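**Student:** Below is work-v7.cif; it holds mmCIF, N, CA and C atoms and all ligand atoms.
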data_run
#
loop_
_atom_site.label_atom_id
_atom_site.label_comp_id
_atom_site.auth_asym_id
_atom_site.auth_seq_id
_atom_site.Cartn_x
_atom_site.Cartn_y
_atom_site.Cartn_z
N MET A 18 158.24 68.33 232.95
CA MET A 18 159.45 68.59 233.74
C MET A 18 160.06 67.28 234.20
N ILE A 19 161.36 67.20 234.08
CA ILE A 19 162.04 65.97 234.47
C ILE A 19 162.92 66.26 235.67
N VAL A 20 162.80 65.42 236.66
CA VAL A 20 163.54 65.66 237.90
C VAL A 20 164.87 64.93 237.83
N TRP A 21 165.92 65.63 238.23
CA TRP A 21 167.25 65.04 238.25
C TRP A 21 167.27 63.81 239.14
N ASP A 22 168.05 62.82 238.73
CA ASP A 22 168.07 61.57 239.46
C ASP A 22 169.56 61.20 239.70
N ASP A 23 169.94 61.11 240.97
CA ASP A 23 171.35 60.89 241.30
C ASP A 23 171.93 59.57 240.78
N SER A 24 171.06 58.66 240.33
CA SER A 24 171.60 57.40 239.83
C SER A 24 172.37 57.60 238.52
N ILE A 25 172.22 58.78 237.89
CA ILE A 25 173.00 59.00 236.67
C ILE A 25 174.21 59.90 236.91
N LEU A 26 174.56 60.14 238.17
CA LEU A 26 175.80 60.86 238.45
C LEU A 26 176.98 60.02 237.96
N THR A 27 177.95 60.68 237.33
CA THR A 27 179.13 59.95 236.88
C THR A 27 180.24 59.96 237.94
N GLY A 28 180.18 60.95 238.84
CA GLY A 28 181.27 61.10 239.81
C GLY A 28 182.41 61.94 239.24
N ILE A 29 182.32 62.26 237.95
CA ILE A 29 183.28 63.20 237.34
C ILE A 29 182.59 64.57 237.43
N ALA A 30 183.06 65.40 238.36
CA ALA A 30 182.32 66.59 238.78
C ALA A 30 181.89 67.48 237.62
N ASN A 31 182.80 67.73 236.69
CA ASN A 31 182.48 68.68 235.62
C ASN A 31 181.53 68.09 234.57
N VAL A 32 181.50 66.77 234.47
CA VAL A 32 180.52 66.13 233.60
C VAL A 32 179.14 66.24 234.25
N ASP A 33 179.09 65.96 235.55
CA ASP A 33 177.80 66.04 236.26
C ASP A 33 177.24 67.46 236.24
N ARG A 34 178.13 68.44 236.42
CA ARG A 34 177.70 69.84 236.34
C ARG A 34 177.02 70.13 235.00
N ASP A 35 177.64 69.69 233.91
CA ASP A 35 177.07 69.91 232.57
C ASP A 35 175.73 69.18 232.42
N HIS A 36 175.69 67.93 232.86
CA HIS A 36 174.46 67.14 232.70
C HIS A 36 173.30 67.80 233.46
N LYS A 37 173.58 68.26 234.68
CA LYS A 37 172.52 68.91 235.46
C LYS A 37 172.07 70.20 234.78
N ASP A 38 173.05 70.91 234.24
CA ASP A 38 172.76 72.16 233.55
C ASP A 38 171.84 71.92 232.34
N ILE A 39 172.10 70.85 231.62
CA ILE A 39 171.26 70.53 230.45
C ILE A 39 169.83 70.21 230.89
N VAL A 40 169.69 69.41 231.94
CA VAL A 40 168.35 69.08 232.45
C VAL A 40 167.63 70.37 232.84
N GLU A 41 168.36 71.27 233.49
CA GLU A 41 167.75 72.54 233.92
C GLU A 41 167.30 73.38 232.73
N LYS A 42 168.15 73.46 231.71
CA LYS A 42 167.80 74.27 230.52
C LYS A 42 166.59 73.67 229.79
N ILE A 43 166.53 72.34 229.73
CA ILE A 43 165.38 71.72 229.06
C ILE A 43 164.11 71.98 229.88
N ASN A 44 164.23 71.90 231.19
CA ASN A 44 163.05 72.17 232.02
C ASN A 44 162.59 73.63 231.91
N LEU A 45 163.55 74.55 231.75
CA LEU A 45 163.17 75.96 231.55
C LEU A 45 162.41 76.12 230.23
N PHE A 46 162.91 75.41 229.21
CA PHE A 46 162.23 75.44 227.91
C PHE A 46 160.80 74.89 228.05
N LEU A 47 160.66 73.75 228.74
CA LEU A 47 159.33 73.15 228.93
C LEU A 47 158.43 74.08 229.74
N ALA A 48 159.02 74.80 230.70
CA ALA A 48 158.24 75.73 231.52
C ALA A 48 157.72 76.88 230.66
N ASP A 49 158.55 77.38 229.75
CA ASP A 49 158.11 78.46 228.85
C ASP A 49 156.94 78.00 227.98
N ILE A 50 157.03 76.76 227.51
CA ILE A 50 155.93 76.24 226.69
C ILE A 50 154.67 76.10 227.54
N GLY A 51 154.85 75.56 228.75
CA GLY A 51 153.71 75.37 229.66
C GLY A 51 153.05 76.69 230.03
N ALA A 52 153.86 77.75 230.08
CA ALA A 52 153.34 79.06 230.48
C ALA A 52 152.80 79.82 229.27
N ASP A 53 152.77 79.16 228.09
CA ASP A 53 152.28 79.80 226.88
C ASP A 53 153.05 81.07 226.54
N ALA A 54 154.35 81.01 226.69
CA ALA A 54 155.19 82.17 226.38
C ALA A 54 155.12 82.47 224.88
N SER A 55 155.56 83.66 224.52
CA SER A 55 155.50 84.05 223.10
C SER A 55 156.47 83.19 222.29
N VAL A 56 156.24 83.16 220.98
CA VAL A 56 157.10 82.36 220.10
C VAL A 56 158.56 82.77 220.24
N SER A 57 158.82 84.07 220.33
CA SER A 57 160.23 84.48 220.38
C SER A 57 160.88 84.07 221.71
N VAL A 58 160.13 84.09 222.78
CA VAL A 58 160.67 83.64 224.08
C VAL A 58 160.98 82.14 224.01
N ILE A 59 160.06 81.39 223.42
CA ILE A 59 160.26 79.94 223.30
C ILE A 59 161.45 79.62 222.40
N HIS A 60 161.59 80.36 221.32
CA HIS A 60 162.75 80.16 220.44
C HIS A 60 164.05 80.48 221.15
N ASP A 61 164.07 81.58 221.89
CA ASP A 61 165.29 81.95 222.64
C ASP A 61 165.64 80.86 223.64
N SER A 62 164.63 80.35 224.31
CA SER A 62 164.93 79.37 225.34
C SER A 62 165.35 78.04 224.72
N PHE A 63 164.83 77.73 223.53
CA PHE A 63 165.32 76.54 222.81
C PHE A 63 166.78 76.71 222.44
N ARG A 64 167.13 77.88 221.92
CA ARG A 64 168.51 78.14 221.51
C ARG A 64 169.48 78.08 222.70
N ARG A 65 169.03 78.58 223.84
CA ARG A 65 169.87 78.53 225.06
C ARG A 65 170.13 77.08 225.46
N MET A 66 169.07 76.30 225.40
CA MET A 66 169.17 74.89 225.75
C MET A 66 170.11 74.18 224.77
N GLU A 67 169.95 74.50 223.50
CA GLU A 67 170.75 73.86 222.46
C GLU A 67 172.24 74.21 222.60
N ARG A 68 172.53 75.48 222.89
CA ARG A 68 173.93 75.89 223.08
C ARG A 68 174.58 75.11 224.21
N CYS A 69 173.83 74.96 225.28
CA CYS A 69 174.32 74.25 226.45
C CYS A 69 174.61 72.78 226.10
N ILE A 70 173.74 72.18 225.31
CA ILE A 70 173.92 70.79 224.89
C ILE A 70 175.13 70.66 223.96
N TYR A 71 175.22 71.54 222.96
CA TYR A 71 176.34 71.46 222.01
C TYR A 71 177.67 71.65 222.71
N ARG A 72 177.70 72.61 223.61
CA ARG A 72 178.94 72.88 224.35
C ARG A 72 179.37 71.62 225.10
N HIS A 73 178.40 71.00 225.76
CA HIS A 73 178.74 69.79 226.53
C HIS A 73 179.23 68.66 225.63
N LEU A 74 178.51 68.39 224.55
CA LEU A 74 178.89 67.26 223.69
C LEU A 74 180.28 67.49 223.10
N GLU A 75 180.56 68.73 222.74
CA GLU A 75 181.85 69.05 222.16
C GLU A 75 182.98 68.85 223.17
N LEU A 76 182.76 69.37 224.38
CA LEU A 76 183.76 69.22 225.44
C LEU A 76 183.97 67.75 225.78
N GLU A 77 182.85 67.02 225.87
CA GLU A 77 182.93 65.60 226.22
C GLU A 77 183.73 64.83 225.17
N GLU A 78 183.52 65.18 223.91
CA GLU A 78 184.25 64.48 222.84
C GLU A 78 185.74 64.78 222.92
N LYS A 79 186.09 66.06 223.17
CA LYS A 79 187.51 66.42 223.30
C LYS A 79 188.13 65.69 224.49
N MET A 80 187.37 65.63 225.57
CA MET A 80 187.86 64.96 226.79
C MET A 80 188.08 63.48 226.52
N LEU A 81 187.13 62.83 225.83
CA LEU A 81 187.25 61.38 225.58
C LEU A 81 188.46 61.08 224.68
N LEU A 82 188.74 61.99 223.75
CA LEU A 82 189.93 61.82 222.92
C LEU A 82 191.18 62.00 223.77
N ALA A 83 191.16 63.01 224.66
CA ALA A 83 192.33 63.31 225.49
C ALA A 83 192.68 62.16 226.44
N VAL A 84 191.65 61.49 226.98
CA VAL A 84 191.96 60.40 227.91
C VAL A 84 192.23 59.08 227.16
N GLY A 85 192.00 59.06 225.85
CA GLY A 85 192.30 57.87 225.06
C GLY A 85 191.23 56.79 225.14
N TYR A 86 189.99 57.21 225.34
CA TYR A 86 188.87 56.24 225.43
C TYR A 86 188.81 55.39 224.17
N ASP A 87 188.52 54.10 224.35
CA ASP A 87 188.57 53.18 223.20
C ASP A 87 187.23 53.01 222.47
N GLN A 88 186.20 53.75 222.90
CA GLN A 88 184.88 53.62 222.24
C GLN A 88 184.39 54.97 221.70
N THR A 89 185.34 55.80 221.25
CA THR A 89 184.93 57.14 220.82
C THR A 89 183.98 57.09 219.62
N GLU A 90 184.24 56.18 218.69
CA GLU A 90 183.45 56.18 217.46
C GLU A 90 181.95 55.96 217.70
N PRO A 91 181.57 54.87 218.38
CA PRO A 91 180.13 54.71 218.65
C PRO A 91 179.57 55.81 219.54
N HIS A 92 180.39 56.31 220.46
CA HIS A 92 179.90 57.37 221.35
C HIS A 92 179.61 58.65 220.54
N PHE A 93 180.54 59.00 219.68
CA PHE A 93 180.35 60.22 218.88
C PHE A 93 179.19 60.06 217.91
N ALA A 94 178.98 58.83 217.41
CA ALA A 94 177.86 58.60 216.49
C ALA A 94 176.53 58.86 217.21
N THR A 95 176.45 58.47 218.47
CA THR A 95 175.22 58.75 219.23
C THR A 95 175.05 60.25 219.43
N HIS A 96 176.15 60.96 219.72
CA HIS A 96 176.05 62.43 219.85
C HIS A 96 175.52 63.05 218.56
N LYS A 97 176.01 62.53 217.44
CA LYS A 97 175.59 63.07 216.14
C LYS A 97 174.08 62.87 215.95
N LYS A 98 173.62 61.67 216.31
CA LYS A 98 172.18 61.37 216.19
C LYS A 98 171.37 62.31 217.08
N LEU A 99 171.87 62.55 218.30
CA LEU A 99 171.16 63.43 219.24
C LEU A 99 171.10 64.87 218.72
N THR A 100 172.20 65.35 218.14
CA THR A 100 172.19 66.73 217.64
C THR A 100 171.33 66.84 216.37
N ASP A 101 171.34 65.79 215.54
CA ASP A 101 170.45 65.79 214.37
C ASP A 101 168.99 65.87 214.81
N ASP A 102 168.64 65.07 215.82
CA ASP A 102 167.26 65.08 216.32
C ASP A 102 166.87 66.46 216.85
N LEU A 103 167.84 67.10 217.52
CA LEU A 103 167.59 68.44 218.06
C LEU A 103 167.34 69.44 216.93
N GLU A 104 168.14 69.35 215.89
CA GLU A 104 167.95 70.22 214.72
C GLU A 104 166.58 69.97 214.08
N GLY A 105 166.17 68.68 214.10
CA GLY A 105 164.85 68.33 213.56
C GLY A 105 163.74 69.01 214.35
N ILE A 106 163.89 69.06 215.65
CA ILE A 106 162.88 69.73 216.50
C ILE A 106 162.82 71.21 216.14
N TRP A 107 164.00 71.80 215.99
CA TRP A 107 164.06 73.23 215.63
C TRP A 107 163.35 73.49 214.29
N ASP A 108 163.65 72.67 213.29
CA ASP A 108 163.03 72.84 211.97
C ASP A 108 161.51 72.68 212.06
N ASP A 109 161.07 71.66 212.80
CA ASP A 109 159.63 71.45 212.94
C ASP A 109 158.97 72.61 213.68
N MET A 110 159.69 73.16 214.65
CA MET A 110 159.14 74.29 215.41
C MET A 110 158.90 75.48 214.49
N LEU A 111 159.82 75.66 213.54
CA LEU A 111 159.71 76.81 212.63
C LEU A 111 158.68 76.57 211.54
N GLY A 112 158.58 75.30 211.08
CA GLY A 112 157.81 75.07 209.87
C GLY A 112 156.50 74.33 210.00
N ASN A 113 156.18 73.82 211.19
CA ASN A 113 155.01 72.95 211.31
C ASN A 113 154.13 73.45 212.46
N THR A 114 152.99 74.01 212.12
CA THR A 114 152.14 74.62 213.15
C THR A 114 151.48 73.60 214.08
N ASP A 115 151.37 72.34 213.60
CA ASP A 115 150.76 71.30 214.45
C ASP A 115 151.77 70.64 215.39
N PHE A 116 153.01 71.08 215.28
CA PHE A 116 154.08 70.44 216.03
C PHE A 116 154.02 70.82 217.51
N HIS A 117 154.29 69.84 218.38
CA HIS A 117 154.31 70.11 219.82
C HIS A 117 155.74 70.03 220.35
N PRO A 118 156.43 71.18 220.42
CA PRO A 118 157.84 71.14 220.80
C PRO A 118 158.07 70.59 222.21
N GLY A 119 157.11 70.80 223.10
CA GLY A 119 157.27 70.30 224.47
C GLY A 119 157.32 68.78 224.50
N VAL A 120 156.45 68.17 223.72
CA VAL A 120 156.41 66.70 223.65
C VAL A 120 157.71 66.18 223.04
N ALA A 121 158.14 66.83 221.96
CA ALA A 121 159.37 66.40 221.28
C ALA A 121 160.59 66.61 222.17
N ALA A 122 160.65 67.75 222.88
CA ALA A 122 161.80 68.03 223.75
C ALA A 122 161.84 67.05 224.93
N THR A 123 160.68 66.69 225.44
CA THR A 123 160.63 65.73 226.54
C THR A 123 161.13 64.36 226.07
N ALA A 124 160.71 63.97 224.87
CA ALA A 124 161.17 62.69 224.32
C ALA A 124 162.68 62.72 224.10
N TRP A 125 163.17 63.86 223.60
CA TRP A 125 164.62 63.99 223.37
C TRP A 125 165.37 63.88 224.70
N LEU A 126 164.87 64.60 225.70
CA LEU A 126 165.51 64.59 227.01
C LEU A 126 165.58 63.18 227.57
N ARG A 127 164.49 62.44 227.41
CA ARG A 127 164.49 61.06 227.91
C ARG A 127 165.51 60.20 227.18
N SER A 128 165.58 60.34 225.87
CA SER A 128 166.53 59.46 225.17
C SER A 128 167.97 59.88 225.45
N TRP A 129 168.18 61.18 225.66
CA TRP A 129 169.55 61.60 226.03
C TRP A 129 169.89 61.14 227.44
N LEU A 130 168.99 61.44 228.40
CA LEU A 130 169.30 61.21 229.81
C LEU A 130 169.25 59.73 230.17
N PHE A 131 168.17 59.08 229.77
CA PHE A 131 167.96 57.72 230.25
C PHE A 131 168.59 56.66 229.36
N ASP A 132 168.82 56.98 228.09
CA ASP A 132 169.51 56.01 227.24
C ASP A 132 170.99 56.35 227.14
N HIS A 133 171.28 57.55 226.63
CA HIS A 133 172.68 57.87 226.38
C HIS A 133 173.50 58.04 227.66
N VAL A 134 173.07 58.91 228.55
CA VAL A 134 173.86 59.16 229.77
C VAL A 134 173.94 57.89 230.62
N ARG A 135 172.79 57.28 230.81
CA ARG A 135 172.77 56.12 231.71
C ARG A 135 173.61 54.96 231.17
N ARG A 136 173.57 54.74 229.89
CA ARG A 136 174.33 53.61 229.33
C ARG A 136 175.72 54.02 228.88
N GLU A 137 175.78 55.00 227.96
CA GLU A 137 177.05 55.26 227.30
C GLU A 137 177.98 56.19 228.08
N ASP A 138 177.42 57.23 228.71
CA ASP A 138 178.29 58.08 229.52
C ASP A 138 178.79 57.32 230.75
N LEU A 139 177.91 56.54 231.35
CA LEU A 139 178.36 55.77 232.53
C LEU A 139 179.38 54.70 232.13
N ALA A 140 179.32 54.24 230.88
CA ALA A 140 180.32 53.27 230.40
C ALA A 140 181.70 53.93 230.29
N TYR A 141 181.76 55.17 229.76
CA TYR A 141 183.09 55.81 229.69
C TYR A 141 183.58 56.17 231.09
N ARG A 142 182.62 56.52 231.97
CA ARG A 142 183.00 56.80 233.36
C ARG A 142 183.74 55.59 233.96
N ASP A 143 183.19 54.40 233.78
CA ASP A 143 183.84 53.20 234.32
C ASP A 143 185.24 53.03 233.74
N TRP A 144 185.34 53.29 232.44
CA TRP A 144 186.64 53.16 231.77
C TRP A 144 187.64 54.18 232.34
N ILE A 145 187.20 55.43 232.51
CA ILE A 145 188.08 56.49 233.02
C ILE A 145 188.53 56.21 234.45
N VAL A 146 187.60 55.73 235.27
CA VAL A 146 187.95 55.40 236.65
C VAL A 146 188.98 54.27 236.67
N ALA A 147 188.75 53.24 235.85
CA ALA A 147 189.67 52.09 235.80
C ALA A 147 191.04 52.52 235.29
N ALA A 148 191.06 53.50 234.37
CA ALA A 148 192.33 53.97 233.80
C ALA A 148 192.97 55.04 234.68
N ASP A 149 192.31 55.39 235.80
CA ASP A 149 192.81 56.38 236.73
C ASP A 149 193.00 57.75 236.06
N LYS A 150 192.01 58.16 235.28
CA LYS A 150 192.13 59.42 234.55
C LYS A 150 191.02 60.43 234.89
N VAL A 151 190.47 60.30 236.11
CA VAL A 151 189.38 61.20 236.51
C VAL A 151 189.85 62.66 236.54
N ASP A 152 191.05 62.90 237.07
CA ASP A 152 191.55 64.28 237.16
C ASP A 152 191.72 64.89 235.77
N LEU A 153 192.29 64.12 234.87
CA LEU A 153 192.49 64.61 233.50
C LEU A 153 191.13 64.89 232.84
N ALA A 154 190.16 64.01 233.08
CA ALA A 154 188.83 64.19 232.51
C ALA A 154 188.20 65.49 233.02
N ASN A 155 188.30 65.72 234.31
CA ASN A 155 187.75 66.94 234.90
C ASN A 155 188.40 68.19 234.33
N GLU A 156 189.71 68.12 234.19
CA GLU A 156 190.46 69.24 233.65
C GLU A 156 190.00 69.55 232.23
N ARG A 157 189.86 68.52 231.42
CA ARG A 157 189.47 68.71 230.02
C ARG A 157 188.04 69.19 229.86
N MET A 158 187.19 68.88 230.83
CA MET A 158 185.81 69.34 230.75
C MET A 158 185.70 70.83 231.08
N ASN A 159 186.82 71.47 231.38
CA ASN A 159 186.82 72.91 231.67
C ASN A 159 187.45 73.74 230.58
N ASP A 160 187.88 73.09 229.51
CA ASP A 160 188.58 73.83 228.45
C ASP A 160 187.71 74.92 227.85
FE FE B 1 178.02 61.42 225.74
FE FE B 2 177.47 63.63 228.58
#
What would the structure in this file look like if it were written as structure tokens?
Ligand SMILES: [Fe+2]
Ligand SMILES: [Fe+2]

**Tutor:**
Amino acid sequence: MIVWDDSILTGIANVDRDHKDIVEKINLFLADIGADASVSVIHDSFRRMERCIYRHLELEEKMLLAVGYDQTEPHFATHKKLTDDLEGIWDDMLGNTDFHPGVAATAWLRSWLFDHVRREDLAYRDWIVAADKVDLANERMND
């Protein structure tokens, strides 16, 4: 279980709402694994977590295009890598009996939260604040 840490707040309310939601969904998934839930419960909870992540990344990309962010390409490439890794976890969960999804999901969460959000999301936050586009960003995160 990973505890939310306010140092990664962006100050863009709807982005923070999504980020907290993702942490919560991943922790629910880890809790199901820890509780030895059935395979179908664990699969459902993985899919719920994944939907929440995809929805966020998609909205964030639309928002970054709408505000005219100048680093969309590297940012989107990292999103692509993160979603590929997530699909890899899903495939391993289905096909590899020795696989530990909890360990893999925790590693994924760390690289998303502590590498991507802390470095790259906070970088666009600084850009958006400097460009005075926080309101537009919030609006777009609700589409
Ligand atoms: Fe991002
Ligand atoms: Fe994000």

**Student:** Write out as a count of residues only all residues of chain A that DSSP puts in helix (DSSP H, G or I) for this structure's backbone.

**Tutor:** 115

**Student:** Which residue, A:Asp108, A:Asp102, A:Asp35, A:Asp23, has the smallest gap to ligand FE 2 (chain B) when you use only C-alpha atoms and all ligand atoms?

**Tutor:**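 Checking each candidate against ligand FE 2 (chain B), we get A:Asp35 as the closest.
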
**Student:** Excluding Asn31 in chain A and any residue of its chain fewer than 4 positions from it, enumerate the residues within 8 Å of it, using only C-alpha atoms, and give them as a list of chain:residue names.

**Tutor:**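 Final neighbour list, sorted by chain and number: A:Asp35, A:Asn155, A:Met158, A:Asn159.
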
**Student:** Could you work out how far atom C of Pro118 in chain A lies from CA of Ile43 in chain A, giving the answer in Å with one decimal?

**Tutor:** 10.1 Å

**Student:** So the first atom is atom N of Leu139 in chain A and the second is atom N of Ile106 in chain A; what is the distance between them in Å, to one decimal place?

**Tutor:**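 For atom N of Leu139 in chain A relative to atom N of Ile106 in chain A, the distance reads 24.5 Å.
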
**Student:** Could you list, as a list in words, all the residues within 6 Å of ligand FE 1 (chain B), counting all atoms listed in the file?

**Tutor:**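 Taking all atoms listed in the file into account, the residues around ligand FE 1 (chain B) at most 6 Å away are His133, Glu137 and Asp138 of chain A.
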
**Student:** For Ile25 in chain A, which residue out of A:Val56, A:Leu47, A:Asp132, A:Arg68 is the nearest one, using only C-alpha atoms?

**Tutor:**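 The shortest atom-to-atom distance to Ile25 in chain A comes from A:Asp132.
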
**Student:** Compute the set of protein, DNA and RNA residues whose minimum atom distance to ligand FE 2 (chain B) is at most 7 Å, using only C-alpha atoms and all ligand atoms, and state it as a list in words.

**Tutor:**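 Checked against 7 Å with only C-alpha atoms and all ligand atoms; the hits are Val32, His36, His73, Leu74, Glu77, Val134 and Asp138 of chain A.
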
**Student:** Calculate how many Å separate CA of Leu45 in chain A from CA of Met66 in chain A, rounding to one decimal.

**Tutor:**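 These two atoms are separated by 8.4 Å.
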
**Student:** Looking at only C-alpha atoms, which of A:Asp38, A:Asp143, A:Asp160, A:Asp53 is the one that sits closest to Cys69 in chain A?

**Tutor:**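 Among the listed residues, A:Asp38 lies closest to Cys69 in chain A.
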
**Student:** Can you pull out the residues contacting Met80 in chain A? Cut-off 7 Å, using only N, CA and C atoms, and skip same-chain residues under 6 positions away; I want them as a list in words.

**Tutor:** Tyr86, Leu153, Ala154, Arg157 and Met158 of chain A

**Student:** Find the residues with any atom within 10 Å of (163.3, 80.2, 225.1); use only C-alpha atoms and the coordinates as given in the file, and write the answer as a ChimeraX atom specification.

**Tutor:** /A:42-43,45-50,54-66

**Student:** Those residues with N, CA and C atoms, as a PDB file, in the coordinates of the input please?

**Tutor:**
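Output file selection_15.pdb follows:
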ATOM      1  N   LYS A  42     168.150  73.460 231.710  1.00  0.00           N
ATOM      2  CA  LYS A  42     167.800  74.270 230.520  1.00  0.00           C
ATOM      3  C   LYS A  42     166.590  73.670 229.790  1.00  0.00           C
ATOM      4  N   ILE A  43     166.530  72.340 229.730  1.00  0.00           N
ATOM      5  CA  ILE A  43     165.380  71.720 229.060  1.00  0.00           C
ATOM      6  C   ILE A  43     164.110  71.980 229.880  1.00  0.00           C
ATOM      7  N   LEU A  45     163.550  74.550 231.750  1.00  0.00           N
ATOM      8  CA  LEU A  45     163.170  75.960 231.550  1.00  0.00           C
ATOM      9  C   LEU A  45     162.410  76.120 230.230  1.00  0.00           C
ATOM     10  N   PHE A  46     162.910  75.410 229.210  1.00  0.00           N
ATOM     11  CA  PHE A  46     162.230  75.440 227.910  1.00  0.00           C
ATOM     12  C   PHE A  46     160.800  74.890 228.050  1.00  0.00           C
ATOM     13  N   LEU A  47     160.660  73.750 228.740  1.00  0.00           N
ATOM     14  CA  LEU A  47     159.330  73.150 228.930  1.00  0.00           C
ATOM     15  C   LEU A  47     158.430  74.080 229.740  1.00  0.00           C
ATOM     16  N   ALA A  48     159.020  74.800 230.700  1.00  0.00           N
ATOM     17  CA  ALA A  48     158.240  75.730 231.520  1.00  0.00           C
ATOM     18  C   ALA A  48     157.720  76.880 230.660  1.00  0.00           C
ATOM     19  N   ASP A  49     158.550  77.380 229.750  1.00  0.00           N
ATOM     20  CA  ASP A  49     158.110  78.460 228.850  1.00  0.00           C
ATOM     21  C   ASP A  49     156.940  78.000 227.980  1.00  0.00           C
ATOM     22  N   ILE A  50     157.030  76.760 227.510  1.00  0.00           N
ATOM     23  CA  ILE A  50     155.930  76.240 226.690  1.00  0.00           C
ATOM     24  C   ILE A  50     154.670  76.100 227.540  1.00  0.00           C
ATOM     25  N   ALA A  54     154.350  81.010 226.690  1.00  0.00           N
ATOM     26  CA  ALA A  54     155.190  82.170 226.380  1.00  0.00           C
ATOM     27  C   ALA A  54     155.120  82.470 224.880  1.00  0.00           C
ATOM     28  N   SER A  55     155.560  83.660 224.520  1.00  0.00           N
ATOM     29  CA  SER A  55     155.500  84.050 223.100  1.00  0.00           C
ATOM     30  C   SER A  55     156.470  83.190 222.290  1.00  0.00           C
ATOM     31  N   VAL A  56     156.240  83.160 220.980  1.00  0.00           N
ATOM     32  CA  VAL A  56     157.100  82.360 220.100  1.00  0.00           C
ATOM     33  C   VAL A  56     158.560  82.770 220.240  1.00  0.00           C
ATOM     34  N   SER A  57     158.820  84.070 220.330  1.00  0.00           N
ATOM     35  CA  SER A  57     160.230  84.480 220.380  1.00  0.00           C
ATOM     36  C   SER A  57     160.880  84.070 221.710  1.00  0.00           C
ATOM     37  N   VAL A  58     160.130  84.090 222.780  1.00  0.00           N
ATOM     38  CA  VAL A  58     160.670  83.640 224.080  1.00  0.00           C
ATOM     39  C   VAL A  58     160.980  82.140 224.010  1.00  0.00           C
ATOM     40  N   ILE A  59     160.060  81.390 223.420  1.00  0.00           N
ATOM     41  CA  ILE A  59     160.260  79.940 223.300  1.00  0.00           C
ATOM     42  C   ILE A  59     161.450  79.620 222.400  1.00  0.00           C
ATOM     43  N   HIS A  60     161.590  80.360 221.320  1.00  0.00           N
ATOM     44  CA  HIS A  60     162.750  80.160 220.440  1.00  0.00           C
ATOM     45  C   HIS A  60     164.050  80.480 221.150  1.00  0.00           C
ATOM     46  N   ASP A  61     164.070  81.580 221.890  1.00  0.00           N
ATOM     47  CA  ASP A  61     165.290  81.950 222.640  1.00  0.00           C
ATOM     48  C   ASP A  61     165.640  80.860 223.640  1.00  0.00           C
ATOM     49  N   SER A  62     164.630  80.350 224.310  1.00  0.00           N
ATOM     50  CA  SER A  62     164.930  79.370 225.340  1.00  0.00           C
ATOM     51  C   SER A  62     165.350  78.040 224.720  1.00  0.00           C
ATOM     52  N   PHE A  63     164.830  77.730 223.530  1.00  0.00           N
ATOM     53  CA  PHE A  63     165.320  76.540 222.810  1.00  0.00           C
ATOM     54  C   PHE A  63     166.780  76.710 222.440  1.00  0.00           C
ATOM     55  N   ARG A  64     167.130  77.880 221.920  1.00  0.00           N
ATOM     56  CA  ARG A  64     168.510  78.140 221.510  1.00  0.00           C
ATOM     57  C   ARG A  64     169.480  78.080 222.700  1.00  0.00           C
ATOM     58  N   ARG A  65     169.030  78.580 223.840  1.00  0.00           N
ATOM     59  CA  ARG A  65     169.870  78.530 225.060  1.00  0.00           C
ATOM     60  C   ARG A  65     170.130  77.080 225.460  1.00  0.00           C
ATOM     61  N   MET A  66     169.070  76.300 225.400  1.00  0.00           N
ATOM     62  CA  MET A  66     169.170  74.890 225.750  1.00  0.00           C
ATOM     63  C   MET A  66     170.110  74.180 224.770  1.00  0.00           C
TER      64      MET A  66
END

**Student:** Considering only C-alpha atoms, can you say which of A:Asp152, A:Tyr141, A:His96, A:Met18 comes closest to Val120 in chain A?

**Tutor:**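 Selected residue with least distance to Val120 in chain A: A:Met18.
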
**Student:** Using only N, CA and C atoms, which residue out of A:Ile19, A:Ile145, A:Ala52, A:Leu126 lies closest to Val84 in chain A?

**Tutor:**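 Using only N, CA and C atoms, the shortest distance to Val84 in chain A belongs to A:Ile145.
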
**Student:** Could you check the closest approach to His92 in chain A for each of A:Glu41, A:Asp109, A:Glu156, A:Glu78 and tell me which residue wins, using all atoms listed in the file?

**Tutor:**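 Smallest separation from His92 in chain A among the options: A:Glu78.
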